[in-house]
$ cat model_17.csv   # CSV, C-alpha atoms
chain,number,residue,atom,x,y,z
X,1,MET,CA,37.2,-38.4,12.7
X,2,ALA,CA,33.9,-37.0,11.6
X,3,SER,CA,30.9,-39.3,12.0
X,4,ALA,CA,29.0,-40.6,8.9
X,5,THR,CA,26.1,-38.5,9.9
X,6,GLY,CA,28.2,-35.3,10.0
X,7,VAL,CA,29.7,-36.0,6.7
X,8,GLU,CA,26.3,-36.7,5.1
X,9,ALA,CA,25.0,-33.4,6.6
X,10,ASP,CA,27.9,-31.4,5.1
X,11,ARG,CA,27.3,-33.1,1.7
X,12,GLN,CA,23.7,-32.1,1.8
X,13,ALA,CA,24.1,-28.6,2.9
X,14,ASP,CA,25.4,-27.2,-0.3
X,15,PRO,CA,22.7,-28.5,-2.6
X,16,LEU,CA,20.0,-27.2,-0.3
X,17,ALA,CA,21.6,-23.8,-0.1
X,18,GLN,CA,21.9,-23.7,-3.8
X,19,VAL,CA,18.2,-24.6,-4.2
X,20,ARG,CA,17.3,-21.7,-1.8
X,21,ARG,CA,19.5,-19.3,-3.8
X,22,LEU,CA,18.0,-20.4,-7.1
X,23,LEU,CA,14.4,-20.0,-5.8
X,24,ARG,CA,15.2,-16.6,-4.4
X,25,HIS,CA,16.6,-15.5,-7.8
X,26,ARG,CA,13.6,-17.0,-9.7
X,27,GLU,CA,15.6,-19.6,-11.3
X,28,TYR,CA,12.8,-22.1,-11.0
X,29,ARG,CA,13.8,-24.7,-13.6
X,30,ARG,CA,17.3,-24.9,-12.3
X,31,ALA,CA,16.0,-25.3,-8.8
X,32,VAL,CA,13.8,-28.2,-10.0
X,33,GLU,CA,16.8,-29.8,-11.6
X,34,MET,CA,18.9,-29.4,-8.5
X,35,ILE,CA,16.1,-31.0,-6.4
X,36,ASP,CA,15.6,-33.9,-8.8
X,37,ARG,CA,19.3,-34.6,-9.2
X,38,ARG,CA,20.7,-33.9,-5.8
X,39,LEU,CA,18.0,-33.9,-3.1
X,40,ILE,CA,15.6,-36.7,-3.9
X,41,GLY,CA,15.7,-39.3,-1.2
X,42,VAL,CA,17.8,-37.1,1.0
X,43,VAL,CA,16.6,-36.3,4.6
X,44,ALA,CA,16.6,-32.6,5.0
X,45,VAL,CA,18.7,-31.2,7.8
X,46,ASP,CA,18.0,-27.5,7.3
X,47,THR,CA,14.2,-27.6,6.9
X,48,ARG,CA,11.2,-28.4,9.0
X,49,PHE,CA,9.2,-29.7,6.1
X,50,PRO,CA,9.6,-32.7,3.7
X,51,LEU,CA,11.7,-32.0,0.6
X,52,GLU,CA,8.7,-33.2,-1.5
X,53,ASP,CA,7.0,-29.9,-0.4
X,54,LEU,CA,10.0,-28.0,-1.6
X,55,LYS,CA,9.8,-29.8,-5.0
X,56,THR,CA,6.1,-29.0,-5.2
X,57,TYR,CA,6.8,-25.4,-4.5
X,58,ALA,CA,9.5,-25.2,-7.1
X,59,TYR,CA,7.2,-26.8,-9.7
X,60,GLU,CA,4.4,-24.4,-8.8
X,61,ARG,CA,6.6,-21.4,-9.3
X,62,LEU,CA,8.0,-22.9,-12.5
X,63,SER,CA,4.5,-23.4,-14.0
X,64,ARG,CA,3.4,-19.9,-13.0
X,65,PHE,CA,6.4,-17.8,-13.8
X,66,GLY,CA,8.4,-19.8,-16.2
X,67,PRO,CA,12.0,-21.0,-16.0
X,68,GLY,CA,13.6,-17.8,-14.9
X,69,PRO,CA,16.2,-15.2,-16.1
X,70,SER,CA,18.6,-17.9,-17.4
X,71,TRP,CA,16.0,-19.7,-19.5
X,72,ARG,CA,18.3,-20.1,-22.5
X,73,THR,CA,20.6,-22.4,-20.5
X,74,PRO,CA,19.8,-26.1,-21.0
X,75,VAL,CA,19.1,-28.1,-17.9
X,76,SER,CA,17.8,-31.6,-17.2
X,77,LEU,CA,14.9,-32.6,-15.0
X,78,ARG,CA,16.5,-36.1,-14.6
X,79,ARG,CA,20.1,-36.9,-14.8
X,80,GLY,CA,21.1,-37.8,-18.3
X,81,ASN,CA,17.9,-36.5,-19.8
X,82,PRO,CA,18.6,-33.0,-21.3
X,83,VAL,CA,15.6,-30.7,-21.7
X,84,SER,CA,15.6,-27.4,-23.5
X,85,LEU,CA,14.4,-24.5,-21.4
X,86,ARG,CA,12.2,-23.5,-24.4
X,87,ARG,CA,10.1,-26.6,-23.9
X,88,PRO,CA,7.4,-26.4,-21.2
X,89,VAL,CA,7.5,-28.8,-18.3
X,90,THR,CA,4.2,-30.3,-17.1
X,91,VAL,CA,4.3,-32.2,-13.8
X,92,ASP,CA,1.2,-33.3,-12.0
X,93,LEU,CA,2.0,-32.6,-8.4
X,94,ARG,CA,-0.3,-31.8,-5.5
X,95,ARG,CA,-0.7,-28.3,-4.3
X,96,LEU,CA,0.6,-27.2,-1.0
X,97,ASP,CA,-2.0,-26.3,1.6
X,98,ARG,CA,-1.7,-23.0,3.5
X,99,ALA,CA,0.4,-24.4,6.4
X,100,GLU,CA,2.7,-26.3,4.1
X,101,LEU,CA,3.3,-23.3,1.9
X,102,GLU,CA,4.1,-21.1,4.9
X,103,GLN,CA,6.7,-23.6,6.2
X,104,VAL,CA,8.5,-23.5,2.8
X,105,LEU,CA,8.3,-19.7,2.7
X,106,ARG,CA,9.7,-19.3,6.2
X,107,TRP,CA,12.7,-21.4,5.1
X,108,LEU,CA,13.0,-19.5,1.8
X,109,LEU,CA,12.6,-16.1,3.4
X,110,ALA,CA,14.5,-16.7,6.6
X,111,GLY,CA,16.8,-13.8,6.1
X,112,GLU,CA,14.0,-11.3,5.5
X,113,ILE,CA,12.0,-12.7,8.5
X,114,ARG,CA,15.1,-12.3,10.7
X,115,ALA,CA,15.7,-8.7,9.5
X,116,ALA,CA,12.0,-7.8,10.0
X,117,ASP,CA,12.0,-9.3,13.5
X,118,GLU,CA,15.1,-7.4,14.5
X,119,ALA,CA,13.6,-4.2,13.1
X,120,LEU,CA,10.4,-4.8,15.1
X,121,ARG,CA,12.3,-5.2,18.3
X,122,ALA,CA,14.2,-2.0,17.6
X,123,GLY,CA,11.1,-0.1,16.7
X,124,ASP,CA,12.6,0.6,13.2
X,125,TRP,CA,9.3,0.6,11.3
X,126,THR,CA,10.9,1.6,8.0
X,127,GLY,CA,13.3,-1.3,8.4
X,128,VAL,CA,10.4,-3.6,8.9
X,129,VAL,CA,8.6,-2.4,5.8
X,130,THR,CA,11.8,-2.6,3.8
X,131,ALA,CA,12.5,-6.2,4.8
X,132,ALA,CA,8.9,-7.2,4.1
X,133,GLU,CA,8.9,-5.6,0.7
X,134,PHE,CA,12.1,-7.3,-0.2
X,135,ALA,CA,10.6,-10.6,0.8
X,136,GLY,CA,7.5,-9.8,-1.3
X,137,ARG,CA,9.7,-9.5,-4.4
X,138,ILE,CA,10.7,-13.1,-3.9
X,139,ASP,CA,7.3,-14.4,-2.8
X,140,ASP,CA,4.5,-12.3,-1.3
X,141,ARG,CA,2.4,-15.1,0.2
X,142,SER,CA,4.1,-15.5,3.6
X,143,THR,CA,1.7,-14.8,6.5
X,144,ARG,CA,4.6,-14.2,8.9
X,145,ILE,CA,5.9,-11.5,6.6
X,146,ALA,CA,2.4,-10.1,6.1
X,147,ALA,CA,2.0,-9.7,9.8
X,148,ALA,CA,5.3,-7.8,10.2
X,149,HIS,CA,4.6,-5.7,7.1
X,150,ALA,CA,1.1,-4.7,8.4
X,151,ARG,CA,2.6,-3.7,11.8
X,152,GLY,CA,5.3,-1.6,10.1
X,153,LEU,CA,2.8,0.2,7.9
X,154,TYR,CA,0.5,0.8,10.8
X,155,GLU,CA,3.2,2.3,13.0
X,156,LEU,CA,4.5,4.5,10.1
X,157,ALA,CA,0.9,5.8,9.6
X,158,VAL,CA,0.6,6.6,13.3
X,159,ASP,CA,3.9,8.4,13.3
X,160,ALA,CA,2.9,10.4,10.2
X,161,LEU,CA,-0.3,11.6,12.0
X,162,ASP,CA,1.7,13.1,14.7
X,163,ARG,CA,3.6,15.4,12.3
X,164,GLU,CA,2.4,18.8,11.2
X,165,SER,CA,0.2,18.8,8.1
X,166,PRO,CA,0.4,15.1,7.3
X,167,ASP,CA,-0.7,13.8,3.9
X,168,LEU,CA,-3.9,12.2,5.0
X,169,ASP,CA,-4.6,10.5,1.7
X,170,ASP,CA,-1.1,8.8,1.9
X,171,VAL,CA,-1.7,7.8,5.5
X,172,LEU,CA,-5.1,6.3,4.7
X,173,GLY,CA,-3.5,4.4,1.8
X,174,GLN,CA,-0.9,2.9,4.2
X,175,LEU,CA,-3.6,1.9,6.6
X,176,GLN,CA,-5.7,0.3,3.9
X,177,ARG,CA,-2.7,-1.7,2.7
X,178,ALA,CA,-1.9,-2.7,6.3
X,179,ALA,CA,-5.5,-3.8,6.8
X,180,ARG,CA,-5.3,-6.2,3.8
X,181,LEU,CA,-2.0,-7.6,5.0
X,182,ALA,CA,-3.3,-8.1,8.6
X,183,ALA,CA,-6.4,-9.8,7.2
X,184,ARG,CA,-4.2,-12.2,5.3
X,185,ALA,CA,-2.0,-12.8,8.4
X,186,GLY,CA,-5.2,-13.4,10.5
X,187,THR,CA,-5.9,-16.6,8.5
X,188,ASP,CA,-2.7,-18.2,10.0
X,189,PRO,CA,-3.6,-19.8,13.4
X,190,SER,CA,0.1,-20.0,14.3
X,191,LEU,CA,0.3,-16.2,14.6
X,192,GLY,CA,-2.2,-16.2,17.4
X,193,ALA,CA,-4.4,-13.2,18.1
X,194,GLY,CA,-1.8,-10.6,17.1
X,195,PRO,CA,-3.2,-9.9,13.6
X,196,LYS,CA,-6.7,-9.5,14.8
X,197,LYS,CA,-5.6,-7.0,17.5
X,198,LEU,CA,-3.6,-5.2,14.8
X,199,THR,CA,-6.7,-5.1,12.6
X,200,ALA,CA,-8.7,-3.5,15.3
X,201,GLY,CA,-6.0,-0.9,15.8
X,202,ILE,CA,-5.8,-0.2,12.1
X,203,GLU,CA,-9.6,0.3,11.9
X,204,GLU,CA,-9.5,2.8,14.9
X,205,VAL,CA,-6.7,4.9,13.4
X,206,ALA,CA,-8.4,4.8,9.9
X,207,ALA,CA,-11.6,6.2,11.4
X,208,ILE,CA,-9.6,9.0,12.9
X,209,VAL,CA,-8.0,9.7,9.5
X,210,GLU,CA,-11.4,9.7,7.8
X,211,ARG,CA,-12.7,12.3,10.3
X,212,ARG,CA,-9.7,14.5,9.8
X,213,ARG,CA,-10.0,14.2,6.0
X,214,ALA,CA,-13.6,15.2,6.2
X,215,ARG,CA,-12.8,18.1,8.4
X,216,ALA,CA,-10.0,19.2,6.1
X,217,ALA,CA,-12.3,18.9,3.1
X,218,ARG,CA,-14.9,21.2,4.8
X,219,VAL,CA,-12.2,23.8,5.6
X,220,GLU,CA,-10.9,23.7,2.1
X,221,ALA,CA,-14.4,24.2,0.7
X,222,VAL,CA,-14.6,27.4,2.8
X,223,ARG,CA,-11.2,28.6,1.5
X,224,SER,CA,-12.3,27.8,-2.0
X,225,VAL,CA,-15.5,29.9,-1.8
X,226,VAL,CA,-13.5,32.8,-0.4
X,227,ARG,CA,-11.0,32.6,-3.3
X,228,ARG,CA,-13.8,32.6,-5.8
X,229,PHE,CA,-15.3,35.8,-4.2
X,230,ASN,CA,-11.9,37.5,-4.3
X,231,ARG,CA,-11.3,36.5,-7.9
X,232,LEU,CA,-14.8,37.9,-8.8
X,233,THR,CA,-14.2,41.3,-7.2
X,234,GLU,CA,-10.7,41.5,-8.7
X,235,HIS,CA,-12.0,40.8,-12.1
X,236,TYR,CA,-14.8,43.3,-12.0
X,237,ALA,CA,-12.6,45.9,-10.3
X,238,ASP,CA,-11.7,47.0,-13.8
X,239,ARG,CA,-14.4,49.4,-15.0
X,240,ASP,CA,-14.0,48.1,-18.5
X,241,GLN,CA,-15.5,44.8,-17.3
X,242,LEU,CA,-18.8,46.4,-16.3
X,243,ILE,CA,-19.7,48.5,-19.3
X,244,SER,CA,-22.8,46.5,-20.4
X,245,HIS,CA,-25.9,44.9,-18.8
X,246,VAL,CA,-24.6,41.5,-20.0
X,247,GLN,CA,-21.4,41.8,-18.0
X,248,LEU,CA,-23.3,43.1,-15.0
X,249,GLY,CA,-25.7,40.2,-15.2
X,250,ASN,CA,-22.8,37.7,-15.3
X,251,ALA,CA,-21.3,39.3,-12.2
X,252,ARG,CA,-24.6,39.1,-10.4
X,253,ALA,CA,-25.0,35.5,-11.3
X,254,SER,CA,-21.6,34.5,-10.1
X,255,LEU,CA,-22.2,36.4,-6.9
X,256,ALA,CA,-25.5,34.6,-6.3
X,257,GLN,CA,-23.7,31.2,-6.8
X,258,ILE,CA,-21.1,32.2,-4.2
X,259,ARG,CA,-23.8,33.3,-1.8
X,260,GLY,CA,-25.6,30.0,-2.2
X,261,ASP,CA,-22.4,28.1,-1.4
X,262,VAL,CA,-21.9,30.2,1.7
X,263,GLU,CA,-25.4,29.4,2.9
X,264,ARG,CA,-24.8,25.7,2.2
X,265,LEU,CA,-21.5,25.6,4.0
X,266,LEU,CA,-22.5,27.5,7.2
X,267,PRO,CA,-24.5,24.7,8.8
X,268,GLN,CA,-21.5,22.3,8.4
X,269,HIS,CA,-19.4,24.3,11.0
X,270,GLU,CA,-19.8,25.1,14.6
X,271,PRO,CA,-21.1,28.7,15.2
X,272,ASP,CA,-17.9,29.9,16.9
X,273,SER,CA,-15.4,28.0,14.7
X,274,PRO,CA,-12.9,30.0,12.6
X,275,ALA,CA,-14.6,28.6,9.4
X,276,SER,CA,-18.0,29.8,10.5
X,277,ARG,CA,-16.7,33.3,11.3
X,278,MET,CA,-15.0,33.4,7.9
X,279,LEU,CA,-18.2,32.5,6.2
X,280,ALA,CA,-20.2,35.0,8.2
X,281,ASP,CA,-17.7,37.7,7.2
X,282,LEU,CA,-17.8,36.7,3.6
X,283,ARG,CA,-21.6,36.9,3.6
X,284,VAL,CA,-21.4,40.5,4.8
X,285,LYS,CA,-18.9,41.3,2.0
X,286,ILE,CA,-21.2,39.6,-0.6
X,287,ASP,CA,-24.1,41.8,0.5
X,288,GLN,CA,-22.0,44.9,0.3
X,289,TYR,CA,-20.7,43.9,-3.2
X,290,LYS,CA,-24.3,43.2,-4.3
X,291,ILE,CA,-25.3,46.8,-3.3
X,292,GLN,CA,-22.3,48.0,-5.3
X,293,LEU,CA,-23.4,46.1,-8.4
X,294,GLU,CA,-26.9,47.5,-8.1
X,295,ARG,CA,-25.5,51.0,-8.0
X,296,ILE,CA,-23.5,50.3,-11.1
X,297,GLY,CA,-26.6,48.9,-12.8
X,298,ARG,CA,-28.5,52.1,-12.1
X,299,THR,CA,-25.7,54.1,-13.6
X,300,LEU,CA,-25.8,52.0,-16.8
X,301,ARG,CA,-29.6,52.5,-17.1
X,302,ALA,CA,-29.2,56.2,-16.7
X,303,GLU,CA,-26.6,56.2,-19.5
$ encode --input "model_17.csv" --output "structure tokens"
Amino acid sequence: MASATGVEADRQADPLAQVRRLLRHREYRRAVEMIDRRLIGVVAVDTRFPLEDLKTYAYERLSRFGPGPSWRTPVSLRRGNPVSLRRPVTVDLRRLDRAELEQVLRWLLAGEIRAADEALRAGDWTGVVTAAEFAGRIDDRSTRIAAAHARGLYELAVDALDRESPDLDDVLGQLQRAARLAARAGTDPSLGAGPKKLTAGIEEVAAIVERRRARAARVEAVRSVVRRFNRLTEHYADRDQLISHVQLGNARASLAQIRGDVERLLPQHEPDSPASRMLADLRVKIDQYKIQLERIGRTLRAE
């Protein structure tokens, strides 16, 4: 025969599970009703925090986000006292501190935390991020989830850097998001030094990405000035484009701008680098084309 304690535990399990389900589905007013009607005065067997904290959490979400998707369904905050979901509910309850909120969230998001931990152990960084983002759609304030999420984003960014031609802007965005999450996790003493170490790693990789972005920008600037010169010569290759002194003046002005950009870019590159050699070669071509334009100018004056 089951003991009285065992029977009581079985009786309590269903309402608590229902409250968890309602909170996860943003049915906050129904969760409040369930807590008031079924759990007040009950000793929780499935949580590590007082049920008053759960009630406070439910009221906080209710006041912030409203009743939930089923707001048209009447519920009662006290047995026998029906209240329309259209009517706002004002309850003066204390606010949970950071540690109390985290305890509630770890109970509420236990499935996502378990999935994230399993993915962490398996090195499945995409799985970690997926679990964390799913948890965030329920409540994005858990420091435990934030720590896992930051680690997942960090590892994905590192993996992306090892690929050929990574999207550096996207990688930097991941690292910046990871840094914000790690900073939030770092406020939780129960997580130890892990978030702070992760923050240091994120900053180190972000610095590498910034250097690579700057180098890529310098290389792209060289390619851009080469393309401008090629477009200029192609445009004025047609003799009909150089039949007046005005057109010739435009060509010379554009060439002077390109030459100025070449002189500005040259000091940004090592003398023996491919970009430096490309610019030096372009400078020679610019000088040759300038001579060609001067010859065309003399022809126009003679005519």
$ atom_distance --input "model_17.csv" --atom1 "CA of Leu198 in chain X" --atom2 "CA of Arg180 in chain X"
11.2 Å
$ residues_around --input "model_17.csv" --residues "Trp125 in chain X" --least-positions-apart "5" --cutoff "9 Å" --atoms "all atoms listed in the file" --output "list in words"
Ala116, Ala119, Leu120, Thr130, His149, Arg151, Gly152, Leu153, Tyr154, Glu155 and Leu156 of chain X
$ atom_distance --input "model_17.csv" --atom1 "CA of Ile138 in chain X" --atom2 "CA of Ala179 in chain X"
21.5 Å
$ residues_near_point --input "model_17.csv" --point "(7.6, -25.3, -1.5)" --cutoff "9 Å" --atoms "only C-alpha atoms" --output "PDB file with C-alpha atoms, keeping the file's coordinate frame"
ATOM      1  CA  PHE X  49       9.200 -29.700   6.100  1.00  0.00           C
ATOM      2  CA  LEU X  51      11.700 -32.000   0.600  1.00  0.00           C
ATOM      3  CA  GLU X  52       8.700 -33.200  -1.500  1.00  0.00           C
ATOM      4  CA  ASP X  53       7.000 -29.900  -0.400  1.00  0.00           C
ATOM      5  CA  LEU X  54      10.000 -28.000  -1.600  1.00  0.00           C
ATOM      6  CA  LYS X  55       9.800 -29.800  -5.000  1.00  0.00           C
ATOM      7  CA  THR X  56       6.100 -29.000  -5.200  1.00  0.00           C
ATOM      8  CA  TYR X  57       6.800 -25.400  -4.500  1.00  0.00           C
ATOM      9  CA  ALA X  58       9.500 -25.200  -7.100  1.00  0.00           C
ATOM     10  CA  TYR X  59       7.200 -26.800  -9.700  1.00  0.00           C
ATOM     11  CA  GLU X  60       4.400 -24.400  -8.800  1.00  0.00           C
ATOM     12  CA  ARG X  61       6.600 -21.400  -9.300  1.00  0.00           C
ATOM     13  CA  LEU X  96       0.600 -27.200  -1.000  1.00  0.00           C
ATOM     14  CA  GLU X 100       2.700 -26.300   4.100  1.00  0.00           C
ATOM     15  CA  LEU X 101       3.300 -23.300   1.900  1.00  0.00           C
ATOM     16  CA  GLU X 102       4.100 -21.100   4.900  1.00  0.00           C
ATOM     17  CA  GLN X 103       6.700 -23.600   6.200  1.00  0.00           C
ATOM     18  CA  VAL X 104       8.500 -23.500   2.800  1.00  0.00           C
ATOM     19  CA  LEU X 105       8.300 -19.700   2.700  1.00  0.00           C
ATOM     20  CA  LEU X 108      13.000 -19.500   1.800  1.00  0.00           C
TER      21      LEU X 108
END
$ residues_around --input "model_17.csv" --residues "range 216-230 of chain X" --least-positions-apart "6" --cutoff "8 Å" --atoms "all atoms listed in the file" --output "ChimeraX atom specification"
/X:255,258,261-262,265,268,275,278-279,282,286
$ atom_distance --input "model_17.csv" --atom1 "CA of Thr143 in chain X" --atom2 "CA of Arg98 in chain X"
9.4 Å
